[in-house]
There are 2 protein chains.
Amino acid sequence: MEELLLAIQNDDALWIEENLECLHFADIADILEGLDIDQAKYVYYCLNEDTQADVLMEFEEHVRDRFISKLTSKEIAEQLENLDSDDAADILGEFEDHKIQEVISHMEDDDAAEDIVDLLNYDDNTAGGLMQKEFIQARVDWPVDRCLVELRRQAKDVEKVYTIYVVDLQNKLMGVLSLKSLLFAKPKTKVSELYNSKNVISVKTTDSSETVAKVMEKYGLVAIPVVDFQNKLVGRITIDDVVDIIKEEADKDFQMASGLSENVEPQSSIWKTSRARLLWLFIGMLGGTFSAHVISNYEINIGKIPALAFFIPLITAMGGNVGVQSSAIVVQSLAKGADFSNISGKLLKEALVGLLNGVICSSIILGIATVLSNFQLGITVSLSLLIVIIFAAVAGSFVPLVLNKYKIDPALATGPFVTTLNDIIGLFIYFTVGTLLIGI
Amino acid sequence: MEELLLAIQNDDALWIEENLECLHFADIADILEGLDIDQAKYVYYCLNEDTQADVLMEFEEHVRDRFISKLTSKEIAEQLENLDSDDAADILGEFEDHKIQEVISHMEDDDAAEDIVDLLNYDDNTAGGLMQKEFIQARVDWPVDRCLVELRRQAKDVEKVYTIYVVDLQNKLMGVLSLKSLLFAKPKTKVSELYNSKNVISVKTTDSSETVAKVMEKYGLVAIPVVDFQNKLVGRITIDDVVDIIKEEADKDFQMASGLSENVEPQSSIWKTSRARLLWLFIGMLGGTFSAHVISNYEINIGKIPALAFFIPLITAMGGNVGVQSSAIVVQSLAKGADFSNISGKLLKEALVGLLNGVICSSIILGIATVLSNFQLGITVSLSLLIVIIFAAVAGSFVPLVLNKYKIDPALATGPFVTTLNDIIGLFIYFTVGTLLIGI
């Protein structure tokens, strides 16, 4: 690292090229992220073009954005020509319209420019937005030798070849051909005798990215062909892009369950971080106000027996915990595509789990509360806790199932809904039981 | 489906084979999961051997376990011979030792049996436990034509060929050779001229599965070679197995943050489901007991001004919410491998976010609490809320960072630690402010 900084100072491009080119591009990206932006730009331009492209896509998004903002439109155009079409379109899609036009006008490779412009038409969250134009195709009527010649020409642009897509004269997807089978075939054998037309899995340009991820996962694919409405082959999506979606989906659920309404990263601005949290905080305040209202109905009772107030946090915390636990399981199962046709069976099971946990917890709390106050209050806390735990377990499963039925993201439930609901209902149960048992 | 049930009743194996074999194995597995276990077994044995193996691995785990429990040791041995070695070892690893011996003794293919026994030696959560013995290798000194002959022989066993691994005479990993380059090479060219020895990424058998996932993700690989301590090639891991790990990791974080201490699924027994929840419930009860103790110090104050109790749930809920939000961002960033060397900078930012949100929330609550009780209490609630929100935001980031530093899973923090801690501290702040301001 010190040597690298020295080489930058000494303008020693040769040293930089020699010493960095032998590293993997992911590691080069790590190194550049550690430099300041002008140093990084200098080192970047010492690398050869293919490495540049790989390194650029390996940067963290916020580093890449900053890096690109340092380049002129002409420089950006040069960089885009080295990228896969899907990556180029992603970068370009971040710009304003006039900037996009400017960059495109600087591109020298017309085919590449056309591919990128075409990809810009698709919505980000669809198969069309994910796909790349680089893929290898063979016509069903070609013999193997012709196929090899054509493939060699195509393969220049395609970094990773997993499967060859077989199309007919109208460019309609017919099936797939493995490199393996091509490798061991005779030159005059026709593609039509080699390719696999059974179970050709593809997605449409308009399918959502979640659908793409589910299909690729279900069928264990590393690449999937994308077709248009006429079943014509227009692109392919590779597994690396889909792994990102799978992770983003899981992250989104986790964030939503944690009460964050936008995607927030440690680099996000203070205002964005605050804004993402405010929605749930407002819901929490609304819930807190309702809770205050519930308790205010028992003001006189609390005046007589202040010890009633001691266990308010216990009741709300336990209701919240049980609710979150119970809903988390349902939310995860729904995300995995589980089928909950037997809702009442699921709720009965939750009630039994709640009963079991409730009995264990409330026997313990009976002792603790009796010591901290008296036996009468001990019974009150213990009995309310039992009811609250059972109720929270059932509600925690019920809410996400209902949300899911009405096509609302069930992950919402593990956060705001369930904890706030359980706070209010839990307090109502506690004070009702207290009033009945202590008979104030 | 009805036709299938009819075919089962009529013992019409031919109909079943004809109509199911044209489906994708993932879809066949879905259909079999809908049948009862004896019907499923009947249909399963109508399929050809390769499809059987694919379908078996496509089953959900609990279905597969039940299905296999219906088979004799000899039948299991037959099934294992059709599977990839890593899948076979996973299934076998679930059995008791004597059962493993029995099944192995029924296997007819000695090589396959040896591979499986070898894989059983590795820990489940290491690269050795994940790898399969099926991969394609070429010796660096072979010419292309010899290579093709050898590969054809090897490729029978290997379902998906992504890359050919190049080894030397001692079987040490030298580099990789793409099928693409082999496809376009002349018969007498040596492998040594074609293969890529730069940046060969591999993992050791003892590396953890998390490491494998991180390395494959970082370098965007669909398959990675596994080497032993002498750098000898012993297996490979494919991306589909790693996608599962990535998902499991995310799921584990989500579960831990939701207060579940074991992996629970909707099919898990009532006792297992209860047990997974009890740990956090105990922590919650301990926290609730502490909270009760904090409040009990102010028993006289509450007796005089019962309205103090109204806002207990508001204070604890908001402290919990802010804490969970703040820790969730840190936990996710840590899971993504973010580097938090500048801890104090991060905490300062959290404090500012807390200040911003705190000012907004406490101004609103000032109005609400004044209406519900009086201005004096309104000021108390509002000021404590501000302090609690700032404290919770900082603590929510601090706790996971500290846990991470001491190699404890930071996801623990978003659940039990942060909410319980914030409840207790929040109540302490609230009653201290109340005592000072109202001056009881």
# chains A, B, ... in the order shown; residues from 1 in each chain; ligands from 1
>>> residues_around(residues="Val144 (chain A)", least_positions_apart="3", cutoff="12 Å", atoms="only C-alpha atoms", output="list in words")
Ala138, Arg139, Val140, Asp141, Cys147, Leu148, Val149, Glu150, Leu151, Leu177, Leu179, Ser181, Leu182, Leu183, Phe184, Ala185, Lys186, Pro187, Lys188, Thr189, Lys190, Val191, Ser192, Glu193, Leu194 and Tyr195 of chain A; Leu183 of chain B
>>> write_last_selection(atoms="C-alpha atoms", output="mmCIF file, in the first residue's frame")
data_model
loop_
_atom_site.group_PDB
_atom_site.id
_atom_site.type_symbol
_atom_site.label_atom_id
_atom_site.label_comp_id
_atom_site.auth_asym_id
_atom_site.auth_seq_id
_atom_site.Cartn_x
_atom_site.Cartn_y
_atom_site.Cartn_z
ATOM 1 C CA ALA A 138 -27.241 -21.080 -32.026
ATOM 2 C CA ARG A 139 -29.802 -21.682 -34.732
ATOM 3 C CA VAL A 140 -31.488 -25.062 -34.531
ATOM 4 C CA ASP A 141 -30.626 -25.906 -38.159
ATOM 5 C CA CYS A 147 -22.088 -23.498 -34.745
ATOM 6 C CA LEU A 148 -18.480 -23.396 -33.513
ATOM 7 C CA VAL A 149 -17.534 -20.680 -35.995
ATOM 8 C CA GLU A 150 -20.520 -18.527 -35.024
ATOM 9 C CA LEU A 151 -20.008 -19.147 -31.342
ATOM 10 C CA LEU A 177 -27.470 -26.721 -25.695
ATOM 11 C CA LEU A 179 -21.119 -26.683 -24.048
ATOM 12 C CA SER A 181 -22.541 -31.794 -25.575
ATOM 13 C CA LEU A 182 -21.035 -29.515 -28.213
ATOM 14 C CA LEU A 183 -17.545 -30.468 -27.082
ATOM 15 C CA PHE A 184 -18.131 -34.134 -27.717
ATOM 16 C CA ALA A 185 -20.199 -33.893 -30.930
ATOM 17 C CA LYS A 186 -19.132 -34.632 -34.505
ATOM 18 C CA PRO A 187 -18.699 -31.578 -36.810
ATOM 19 C CA LYS A 188 -21.607 -32.443 -39.109
ATOM 20 C CA THR A 189 -24.143 -33.299 -36.405
ATOM 21 C CA LYS A 190 -27.042 -30.839 -36.444
ATOM 22 C CA VAL A 191 -27.823 -28.739 -33.378
ATOM 23 C CA SER A 192 -31.372 -30.076 -33.643
ATOM 24 C CA GLU A 193 -30.073 -33.546 -32.674
ATOM 25 C CA LEU A 194 -28.060 -32.296 -29.719
ATOM 26 C CA TYR A 195 -30.099 -29.688 -27.965
ATOM 27 C CA LEU B 183 -13.885 -25.595 -27.612
#
>>> residues_around(residues="region 337-340 of chain A", least_positions_apart="6", cutoff="12 Å", atoms="only C-alpha atoms", output="MDAnalysis selection string")
(chainID A and resid 210:211 214:215 217:218 329:331 346:347 397:398 400:402 404:405) or (chainID B and resid 30 34 60 265:267)
>>> write_last_selection(atoms="N, CA and C atoms", output="PDB file, in the first residue's frame")
ATOM      1  N   GLU A 210     -38.438 -10.515  -8.359  1.00  0.00           N
ATOM      2  CA  GLU A 210     -38.699 -11.559  -7.365  1.00  0.00           C
ATOM      3  C   GLU A 210     -39.046 -12.876  -8.062  1.00  0.00           C
ATOM      4  N   THR A 211     -39.858 -12.790  -9.116  1.00  0.00           N
ATOM      5  CA  THR A 211     -40.209 -13.991  -9.868  1.00  0.00           C
ATOM      6  C   THR A 211     -38.956 -14.630 -10.455  1.00  0.00           C
ATOM      7  N   LYS A 214     -37.109 -16.415  -7.754  1.00  0.00           N
ATOM      8  CA  LYS A 214     -37.795 -17.646  -7.330  1.00  0.00           C
ATOM      9  C   LYS A 214     -37.626 -18.748  -8.362  1.00  0.00           C
ATOM     10  N   VAL A 215     -37.784 -18.401  -9.654  1.00  0.00           N
ATOM     11  CA  VAL A 215     -37.682 -19.413 -10.709  1.00  0.00           C
ATOM     12  C   VAL A 215     -36.261 -19.977 -10.771  1.00  0.00           C
ATOM     13  N   GLU A 217     -34.039 -20.055  -8.439  1.00  0.00           N
ATOM     14  CA  GLU A 217     -33.774 -20.832  -7.245  1.00  0.00           C
ATOM     15  C   GLU A 217     -34.445 -22.195  -7.327  1.00  0.00           C
ATOM     16  N   LYS A 218     -35.734 -22.171  -7.705  1.00  0.00           N
ATOM     17  CA  LYS A 218     -36.501 -23.420  -7.758  1.00  0.00           C
ATOM     18  C   LYS A 218     -35.852 -24.415  -8.704  1.00  0.00           C
ATOM     19  N   ILE A 329     -41.767 -16.163  12.525  1.00  0.00           N
ATOM     20  CA  ILE A 329     -41.797 -17.492  11.901  1.00  0.00           C
ATOM     21  C   ILE A 329     -42.723 -17.488  10.690  1.00  0.00           C
ATOM     22  N   VAL A 330     -43.887 -16.858  10.852  1.00  0.00           N
ATOM     23  CA  VAL A 330     -44.848 -16.815   9.741  1.00  0.00           C
ATOM     24  C   VAL A 330     -44.275 -16.013   8.577  1.00  0.00           C
ATOM     25  N   VAL A 331     -43.660 -14.860   8.882  1.00  0.00           N
ATOM     26  CA  VAL A 331     -43.125 -14.004   7.822  1.00  0.00           C
ATOM     27  C   VAL A 331     -42.040 -14.742   7.035  1.00  0.00           C
ATOM     28  N   LYS A 346     -53.030 -23.559  12.236  1.00  0.00           N
ATOM     29  CA  LYS A 346     -51.821 -22.816  12.609  1.00  0.00           C
ATOM     30  C   LYS A 346     -52.074 -21.987  13.876  1.00  0.00           C
ATOM     31  N   LEU A 347     -53.247 -21.334  13.928  1.00  0.00           N
ATOM     32  CA  LEU A 347     -53.549 -20.484  15.080  1.00  0.00           C
ATOM     33  C   LEU A 347     -53.732 -21.318  16.342  1.00  0.00           C
ATOM     34  N   SER A 397     -49.307 -14.473  14.773  1.00  0.00           N
ATOM     35  CA  SER A 397     -49.430 -15.288  13.565  1.00  0.00           C
ATOM     36  C   SER A 397     -50.555 -14.803  12.671  1.00  0.00           C
ATOM     37  N   PHE A 398     -51.617 -14.330  13.301  1.00  0.00           N
ATOM     38  CA  PHE A 398     -52.823 -13.961  12.562  1.00  0.00           C
ATOM     39  C   PHE A 398     -52.576 -12.732  11.685  1.00  0.00           C
ATOM     40  N   PRO A 400     -49.811 -11.280  10.232  1.00  0.00           N
ATOM     41  CA  PRO A 400     -49.123 -11.433   8.934  1.00  0.00           C
ATOM     42  C   PRO A 400     -49.900 -12.291   7.936  1.00  0.00           C
ATOM     43  N   LEU A 401     -50.628 -13.294   8.432  1.00  0.00           N
ATOM     44  CA  LEU A 401     -51.405 -14.131   7.520  1.00  0.00           C
ATOM     45  C   LEU A 401     -52.493 -13.308   6.834  1.00  0.00           C
ATOM     46  N   VAL A 402     -53.125 -12.425   7.615  1.00  0.00           N
ATOM     47  CA  VAL A 402     -54.172 -11.575   7.038  1.00  0.00           C
ATOM     48  C   VAL A 402     -53.553 -10.570   6.052  1.00  0.00           C
ATOM     49  N   ASN A 404     -50.877 -10.860   4.366  1.00  0.00           N
ATOM     50  CA  ASN A 404     -50.475 -11.587   3.175  1.00  0.00           C
ATOM     51  C   ASN A 404     -51.659 -11.875   2.268  1.00  0.00           C
ATOM     52  N   LYS A 405     -52.794 -12.200   2.892  1.00  0.00           N
ATOM     53  CA  LYS A 405     -53.989 -12.514   2.111  1.00  0.00           C
ATOM     54  C   LYS A 405     -54.426 -11.297   1.301  1.00  0.00           C
TER      55      LYS A 405
ATOM     56  N   ASP B  30     -42.926 -30.997  -6.349  1.00  0.00           N
ATOM     57  CA  ASP B  30     -44.108 -30.293  -5.820  1.00  0.00           C
ATOM     58  C   ASP B  30     -45.326 -31.204  -5.837  1.00  0.00           C
ATOM     59  N   GLY B  34     -47.630 -33.222  -2.549  1.00  0.00           N
ATOM     60  CA  GLY B  34     -49.075 -33.121  -2.337  1.00  0.00           C
ATOM     61  C   GLY B  34     -49.741 -34.473  -2.106  1.00  0.00           C
ATOM     62  N   GLU B  60     -38.727 -30.759   0.096  1.00  0.00           N
ATOM     63  CA  GLU B  60     -38.439 -30.017   1.328  1.00  0.00           C
ATOM     64  C   GLU B  60     -37.834 -31.006   2.335  1.00  0.00           C
ATOM     65  N   GLU B 265     -39.484 -23.856  12.214  1.00  0.00           N
ATOM     66  CA  GLU B 265     -40.323 -23.809  11.025  1.00  0.00           C
ATOM     67  C   GLU B 265     -41.757 -24.113  11.425  1.00  0.00           C
ATOM     68  N   PRO B 266     -42.708 -23.768  10.552  1.00  0.00           N
ATOM     69  CA  PRO B 266     -44.095 -24.030  10.906  1.00  0.00           C
ATOM     70  C   PRO B 266     -44.349 -25.507  11.230  1.00  0.00           C
ATOM     71  N   GLN B 267     -43.497 -26.416  10.673  1.00  0.00           N
ATOM     72  CA  GLN B 267     -43.716 -27.847  10.935  1.00  0.00           C
ATOM     73  C   GLN B 267     -43.119 -28.287  12.274  1.00  0.00           C
TER      74      GLN B 267
END
>>> closest_residue(among="B:Asp123, B:Glu2, B:Asp409, B:Asp97", to="Leu35 (chain B)", atoms="only C-alpha atoms")
B:Glu2
>>> select_by_dssp(residues="region 37-282 of chain A", states="strand (DSSP E)", output="CSV table (one decimal) with C-alpha atoms, in the first residue's frame")
chain,number,residue,atom,x,y,z
A,137,GLN,CA,-27.2,-18.4,-29.3
A,138,ALA,CA,-27.2,-21.1,-32.0
A,139,ARG,CA,-29.8,-21.7,-34.7
A,163,THR,CA,-25.4,-22.5,-21.8
A,164,ILE,CA,-26.0,-21.9,-25.5
A,165,TYR,CA,-29.6,-20.9,-26.3
A,166,VAL,CA,-31.1,-22.6,-29.3
A,167,VAL,CA,-33.5,-20.5,-31.5
A,173,LEU,CA,-36.4,-19.9,-28.0
A,174,MET,CA,-36.5,-23.6,-28.8
A,175,GLY,CA,-34.2,-25.0,-26.1
A,176,VAL,CA,-30.7,-25.1,-24.6
A,177,LEU,CA,-27.5,-26.7,-25.7
A,178,SER,CA,-24.7,-27.4,-23.2
A,203,VAL,CA,-38.8,-15.7,-18.0
A,204,LYS,CA,-40.7,-12.9,-19.8
A,223,ALA,CA,-28.4,-18.4,-16.0
A,224,ILE,CA,-31.9,-18.0,-17.4
A,225,PRO,CA,-33.0,-16.8,-20.9
A,226,VAL,CA,-35.4,-13.9,-21.2
A,227,VAL,CA,-38.0,-13.9,-23.9
A,233,LEU,CA,-35.0,-14.6,-27.1
A,234,VAL,CA,-34.0,-11.1,-26.1
A,235,GLY,CA,-31.5,-11.5,-23.2
A,236,ARG,CA,-30.3,-13.6,-20.3
A,237,ILE,CA,-29.9,-13.1,-16.5
A,238,THR,CA,-27.0,-14.6,-14.6
>>> residues_around(residues="Val353 (chain B)", least_positions_apart="2", cutoff="6 Å", atoms="only C-alpha atoms", output="ChimeraX atom specification")
/A:270,274 /B:350-351,355-356
>>> write_last_selection(atoms="C-alpha atoms", output="compact mmCIF listing (two decimals), in the first residue's frame")
# COMPACT_ATOMS: atom_id res chain seq x y z
CA ILE A 270 -28.59 12.00 8.70
CA SER A 274 -34.03 9.98 10.33
CA GLU B 350 -26.47 8.21 15.63
CA ALA B 351 -26.73 10.84 18.36
CA LEU B 355 -31.60 14.39 18.30
CA LEU B 356 -33.45 15.15 15.07
>>> residues_around(residues="Tyr430 (chain B)", least_positions_apart="5", cutoff="12 Å", atoms="only C-alpha atoms", output="mmCIF file with N, CA and C atoms, in the first residue's frame")
data_model
loop_
_atom_site.group_PDB
_atom_site.id
_atom_site.type_symbol
_atom_site.label_atom_id
_atom_site.label_comp_id
_atom_site.auth_asym_id
_atom_site.auth_seq_id
_atom_site.Cartn_x
_atom_site.Cartn_y
_atom_site.Cartn_z
ATOM 1 N N SER B 291 -37.370 -3.514 35.569
ATOM 2 C CA SER B 291 -38.194 -2.320 35.349
ATOM 3 C C SER B 291 -39.126 -2.100 36.530
ATOM 4 N N VAL B 294 -37.222 -0.597 39.283
ATOM 5 C CA VAL B 294 -36.974 0.831 39.060
ATOM 6 C C VAL B 294 -38.214 1.647 39.435
ATOM 7 N N ILE B 295 -39.375 1.198 38.922
ATOM 8 C CA ILE B 295 -40.607 1.966 39.170
ATOM 9 C C ILE B 295 -40.951 1.965 40.658
ATOM 10 N N TYR B 298 -40.315 4.712 42.946
ATOM 11 C CA TYR B 298 -41.093 5.944 42.822
ATOM 12 C C TYR B 298 -42.553 5.706 43.218
ATOM 13 N N LEU B 308 -48.438 9.852 36.083
ATOM 14 C CA LEU B 308 -47.065 9.476 35.719
ATOM 15 C C LEU B 308 -47.038 8.107 35.038
ATOM 16 N N ALA B 309 -47.915 7.211 35.512
ATOM 17 C CA ALA B 309 -47.934 5.838 34.999
ATOM 18 C C ALA B 309 -48.453 5.754 33.571
ATOM 19 N N PHE B 310 -49.265 6.758 33.173
ATOM 20 C CA PHE B 310 -49.885 6.695 31.834
ATOM 21 C C PHE B 310 -48.843 6.520 30.732
ATOM 22 N N PHE B 311 -47.699 7.202 30.923
ATOM 23 C CA PHE B 311 -46.758 7.286 29.791
ATOM 24 C C PHE B 311 -45.612 6.284 29.865
ATOM 25 N N ILE B 312 -45.708 5.339 30.841
ATOM 26 C CA ILE B 312 -44.689 4.284 30.920
ATOM 27 C C ILE B 312 -44.589 3.497 29.606
ATOM 28 N N PRO B 313 -45.728 3.028 29.044
ATOM 29 C CA PRO B 313 -45.615 2.252 27.793
ATOM 30 C C PRO B 313 -45.057 3.086 26.645
ATOM 31 N N LEU B 314 -45.379 4.372 26.596
ATOM 32 C CA LEU B 314 -44.858 5.225 25.529
ATOM 33 C C LEU B 314 -43.329 5.277 25.591
ATOM 34 N N ILE B 315 -42.819 5.530 26.811
ATOM 35 C CA ILE B 315 -41.366 5.636 26.980
ATOM 36 C C ILE B 315 -40.662 4.327 26.615
ATOM 37 N N THR B 316 -41.181 3.187 27.115
ATOM 38 C CA THR B 316 -40.499 1.915 26.825
ATOM 39 C C THR B 316 -40.633 1.551 25.352
ATOM 40 N N GLY B 319 -38.264 3.782 23.274
ATOM 41 C CA GLY B 319 -36.868 3.385 23.500
ATOM 42 C C GLY B 319 -36.563 2.098 22.751
ATOM 43 N N LEU B 377 -46.695 17.682 33.379
ATOM 44 C CA LEU B 377 -46.416 16.300 32.996
ATOM 45 C C LEU B 377 -46.034 16.241 31.518
ATOM 46 N N GLY B 378 -46.682 17.106 30.705
ATOM 47 C CA GLY B 378 -46.353 17.164 29.278
ATOM 48 C C GLY B 378 -44.877 17.443 29.070
ATOM 49 N N ILE B 379 -44.357 18.448 29.808
ATOM 50 C CA ILE B 379 -42.933 18.779 29.713
ATOM 51 C C ILE B 379 -42.073 17.601 30.161
ATOM 52 N N THR B 380 -42.492 16.931 31.248
ATOM 53 C CA THR B 380 -41.746 15.778 31.744
ATOM 54 C C THR B 380 -41.638 14.687 30.693
ATOM 55 N N VAL B 381 -42.809 14.304 30.124
ATOM 56 C CA VAL B 381 -42.825 13.224 29.130
ATOM 57 C C VAL B 381 -41.987 13.620 27.918
ATOM 58 N N SER B 382 -42.191 14.844 27.473
ATOM 59 C CA SER B 382 -41.537 15.301 26.264
ATOM 60 C C SER B 382 -40.016 15.347 26.425
ATOM 61 N N LEU B 383 -39.550 15.884 27.556
ATOM 62 C CA LEU B 383 -38.112 15.975 27.775
ATOM 63 C C LEU B 383 -37.479 14.598 27.944
ATOM 64 N N SER B 384 -38.171 13.710 28.715
ATOM 65 C CA SER B 384 -37.605 12.361 28.894
ATOM 66 C C SER B 384 -37.554 11.636 27.561
ATOM 67 N N LEU B 385 -38.608 11.805 26.753
ATOM 68 C CA LEU B 385 -38.649 11.117 25.459
ATOM 69 C C LEU B 385 -37.450 11.528 24.604
ATOM 70 N N LEU B 386 -37.159 12.827 24.616
ATOM 71 C CA LEU B 386 -36.008 13.319 23.840
ATOM 72 C C LEU B 386 -34.725 12.623 24.284
ATOM 73 N N ILE B 387 -34.513 12.580 25.619
ATOM 74 C CA ILE B 387 -33.293 11.949 26.139
ATOM 75 C C ILE B 387 -33.274 10.455 25.807
ATOM 76 N N VAL B 388 -34.451 9.810 26.005
ATOM 77 C CA VAL B 388 -34.534 8.369 25.759
ATOM 78 C C VAL B 388 -34.223 8.058 24.299
ATOM 79 N N ILE B 389 -34.763 8.842 23.361
ATOM 80 C CA ILE B 389 -34.539 8.564 21.933
ATOM 81 C C ILE B 389 -33.063 8.714 21.576
ATOM 82 N N ASN B 422 -32.903 -0.767 26.981
ATOM 83 C CA ASN B 422 -33.559 0.524 26.781
ATOM 84 C C ASN B 422 -34.796 0.701 27.654
ATOM 85 N N ASP B 423 -35.519 -0.400 27.903
ATOM 86 C CA ASP B 423 -36.671 -0.328 28.806
ATOM 87 C C ASP B 423 -36.231 0.198 30.170
ATOM 88 N N ILE B 424 -35.209 -0.440 30.718
ATOM 89 C CA ILE B 424 -34.781 -0.126 32.080
ATOM 90 C C ILE B 424 -34.224 1.299 32.159
ATOM 91 N N ILE B 425 -33.279 1.605 31.246
ATOM 92 C CA ILE B 425 -32.676 2.942 31.259
ATOM 93 C C ILE B 425 -33.737 3.998 30.982
ATOM 94 N N THR B 435 -39.287 13.380 38.698
ATOM 95 C CA THR B 435 -39.052 13.784 40.074
ATOM 96 C C THR B 435 -38.448 15.187 40.141
ATOM 97 N N LEU B 436 -37.492 15.446 39.225
ATOM 98 C CA LEU B 436 -36.833 16.753 39.213
ATOM 99 C C LEU B 436 -37.799 17.866 38.805
ATOM 100 N N LEU B 437 -38.549 17.624 37.721
ATOM 101 C CA LEU B 437 -39.401 18.680 37.166
ATOM 102 C C LEU B 437 -40.643 18.940 38.004
ATOM 103 N N ILE B 438 -41.313 17.810 38.373
ATOM 104 C CA ILE B 438 -42.554 17.982 39.124
ATOM 105 C C ILE B 438 -42.227 18.238 40.590
#
>>> select_by_dssp(residues="region 218-262 of chain B", states="helix (DSSP H, G or I)", output="tab-separated table (two decimals) with N, CA and C atoms, in the first residue's frame")
chain	number	residue	atom	x	y	z
B	218	LYS	N	-17.82	-12.48	-3.37
B	218	LYS	CA	-16.87	-11.42	-3.68
B	218	LYS	C	-16.33	-11.56	-5.09
B	239	ILE	N	-22.61	-22.99	-6.78
B	239	ILE	CA	-23.31	-21.82	-6.26
B	239	ILE	C	-24.66	-22.16	-5.60
B	240	ASP	N	-25.36	-23.20	-6.10
B	240	ASP	CA	-26.69	-23.50	-5.54
B	240	ASP	C	-26.61	-23.83	-4.05
B	241	ASP	N	-25.54	-24.55	-3.66
B	241	ASP	CA	-25.39	-24.85	-2.23
B	241	ASP	C	-25.10	-23.59	-1.44
B	242	VAL	N	-24.41	-22.64	-2.08
B	242	VAL	CA	-24.01	-21.43	-1.38
B	242	VAL	C	-25.18	-20.44	-1.26
B	243	VAL	N	-26.05	-20.43	-2.27
B	243	VAL	CA	-27.25	-19.59	-2.17
B	243	VAL	C	-28.03	-19.98	-0.92
B	244	ASP	N	-28.11	-21.30	-0.66
B	244	ASP	CA	-28.80	-21.76	0.54
B	244	ASP	C	-28.16	-21.18	1.80
B	245	ILE	N	-26.81	-21.19	1.83
B	245	ILE	CA	-26.11	-20.66	3.02
B	245	ILE	C	-26.39	-19.18	3.20
B	246	ILE	N	-26.33	-18.43	2.09
B	246	ILE	CA	-26.57	-17.00	2.16
B	246	ILE	C	-27.97	-16.75	2.73
B	247	LYS	N	-28.95	-17.53	2.25
B	247	LYS	CA	-30.31	-17.35	2.75
B	247	LYS	C	-30.42	-17.74	4.22
B	248	GLU	N	-29.76	-18.86	4.57
B	248	GLU	CA	-29.81	-19.31	5.96
B	248	GLU	C	-29.20	-18.27	6.90
B	249	GLU	N	-28.09	-17.66	6.45
B	249	GLU	CA	-27.45	-16.63	7.26
B	249	GLU	C	-28.39	-15.47	7.53
B	250	ALA	N	-29.03	-14.98	6.44
B	250	ALA	CA	-29.96	-13.87	6.58
B	250	ALA	C	-31.13	-14.27	7.47
B	251	ASP	N	-31.63	-15.51	7.27
B	251	ASP	CA	-32.74	-15.99	8.09
B	251	ASP	C	-32.35	-16.07	9.55
B	252	LYS	N	-31.11	-16.52	9.80
B	252	LYS	CA	-30.65	-16.68	11.17
B	252	LYS	C	-30.61	-15.33	11.88
B	253	ASP	N	-30.10	-14.31	11.17
B	253	ASP	CA	-30.05	-12.97	11.74
B	253	ASP	C	-31.46	-12.48	12.07
B	254	PHE	N	-32.37	-12.70	11.14
B	254	PHE	CA	-33.75	-12.25	11.32
B	254	PHE	C	-34.38	-12.96	12.51
B	255	GLN	N	-34.14	-14.28	12.61
B	255	GLN	CA	-34.70	-15.04	13.73
B	255	GLN	C	-34.12	-14.59	15.05
B	256	MET	N	-32.79	-14.38	15.06
B	256	MET	CA	-32.16	-13.99	16.31
B	256	MET	C	-32.68	-12.62	16.75
B	257	ALA	N	-32.82	-11.72	15.77
B	257	ALA	CA	-33.33	-10.39	16.08
B	257	ALA	C	-34.79	-10.45	16.53
>>> closest_residue(among="A:Trp142, A:Phe290, A:Tyr122, A:Tyr44", to="chain B", atoms="only C-alpha atoms")
A:Phe290
>>> closest_residue(among="A:Ala155, A:Val394, A:Leu47, A:Leu366", to="chain B", atoms="only C-alpha atoms")
A:Ala155
>>> closest_residue(among="B:Ser85, B:Asp50, B:Gly288, B:Val103", to="Ile365 (chain A)", atoms="only C-alpha atoms")
B:Gly288
>>> closest_residue(among="B:Thr370, B:Ser296, B:Gln230, B:Ser341", to="chain A", atoms="only C-alpha atoms")
B:Ser296
>>> atom_distance(atom1="CA of Ile343 (chain A)", atom2="CA of Leu260 (chain A)")
28.4 Å
>>> atom_distance(atom1="CA of Val161 (chain B)", atom2="CA of Lys180 (chain A)")
7.2 Å
>>> atom_distance(atom1="CA of Asp65 (chain A)", atom2="CA of Gln101 (chain A)")
18.3 Å
